[in-house]
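To start, the structure under review is shown below, and the notes come after it.
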Amino acid sequence: MRRLGELEAEIMDRFWRWRRPATVREVVDDLNRHRALAYTTVTTVTGILFHKGHLTRTREGRIWLYRAAATREAYAAALMEDALGAGEDRAATLARFVERLDAAGLAALRTALHEAERRAGRPTT
């Protein structure tokens, strides 16, 4: 999975934070509080995000309502999965990643591993 471009990430951030369907007009209005963007630009990028599978859409009258297809965490996990696959030795790549984690990151990793083992019905270590 490719990383989102700058404007793609700004648009997706709205959908992830709002956790609800929204129109392009709502996104444009929110983005324009921080910088000026044309409605057509945001419409084009939103359409691209839809075709890439990052957004879903439903028609309400003449208006499209868009919604994030997955959570921000699912997107980040997909990026991490791709990054792990970039190395020739997956275990070594994962080990180098873990070495860079601080105490809070290590604690979060332990919690995630225990939760994954619990969901899979495996005993935790």
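FYI, nothing fancy with the structure tokens labels: chains A, B, ... in order, residues from 1 per chain, ligands from 1 as they appear.
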Could you give me, as a ChimeraX atom specification, the residues within 9 Å of region 3-9 of chain A, counting only C-alpha atoms and dropping anything in the same chain fewer than 6 positions from it?
/A:42,45-46,48-49,79
Please provide as an NGL selection string all residues within 12 Å of Glu60 (chain A), with the sequence filter that same-chain residues fewer than 3 positions apart are discarded (counting only C-alpha atoms).
:A and (21-23 or 57 or 63-66)
Per-residue DSSP, chain A, filtered to strand (DSSP E), as a count of residues only
12
Please, what distance in Å, to one decimal, runs between CA of Arg72 (chain A) and CA of Ala95 (chain A)?
24.2 Å
CA of Thr44 (chain A) to CA of Met80 (chain A), distance in Å rounded to a single decimal:
27.4 Å
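Distances here use only C-alpha atoms; by that measure, the residue among A:Glu88, A:Asp102, A:Glu73, A:Glu81 closest to Trp16 (chain A) is A:Glu73.
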Pick the closest to Met12 (chain A) from A:Leu55, A:Gly85, A:Ala38, A:Arg122: which is it, counting only C-alpha atoms?
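Of A:Leu55, A:Gly85, A:Ala38, A:Arg122, the one nearest Met12 (chain A), counting only C-alpha atoms, is A:Leu55.
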Filtered DSSP result for region 18-64 of chain A, state alpha helix (DSSP H), as a list in words:
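Answer for region 18-64 of chain A restricted to alpha helix (DSSP H) is Trp18, Val24, Arg25, Glu26, Val27, Val28, Asp29, Asp30, Leu31, Tyr39, Thr40, Thr41, Val42, Thr43, Thr44, Val45, Thr46, Gly47, Ile48, Leu49, Phe50, His51 and Lys52 of chain A.
CA of Ala107 (chain A) sits 20.0 Å away from CA of Ala120 (chain A).
If only C-alpha atoms are the atoms counted, then among A:Ala116, A:Val28, A:Ala108, A:Leu84 the closest residue to Arg96 (chain A) is A:Leu84.
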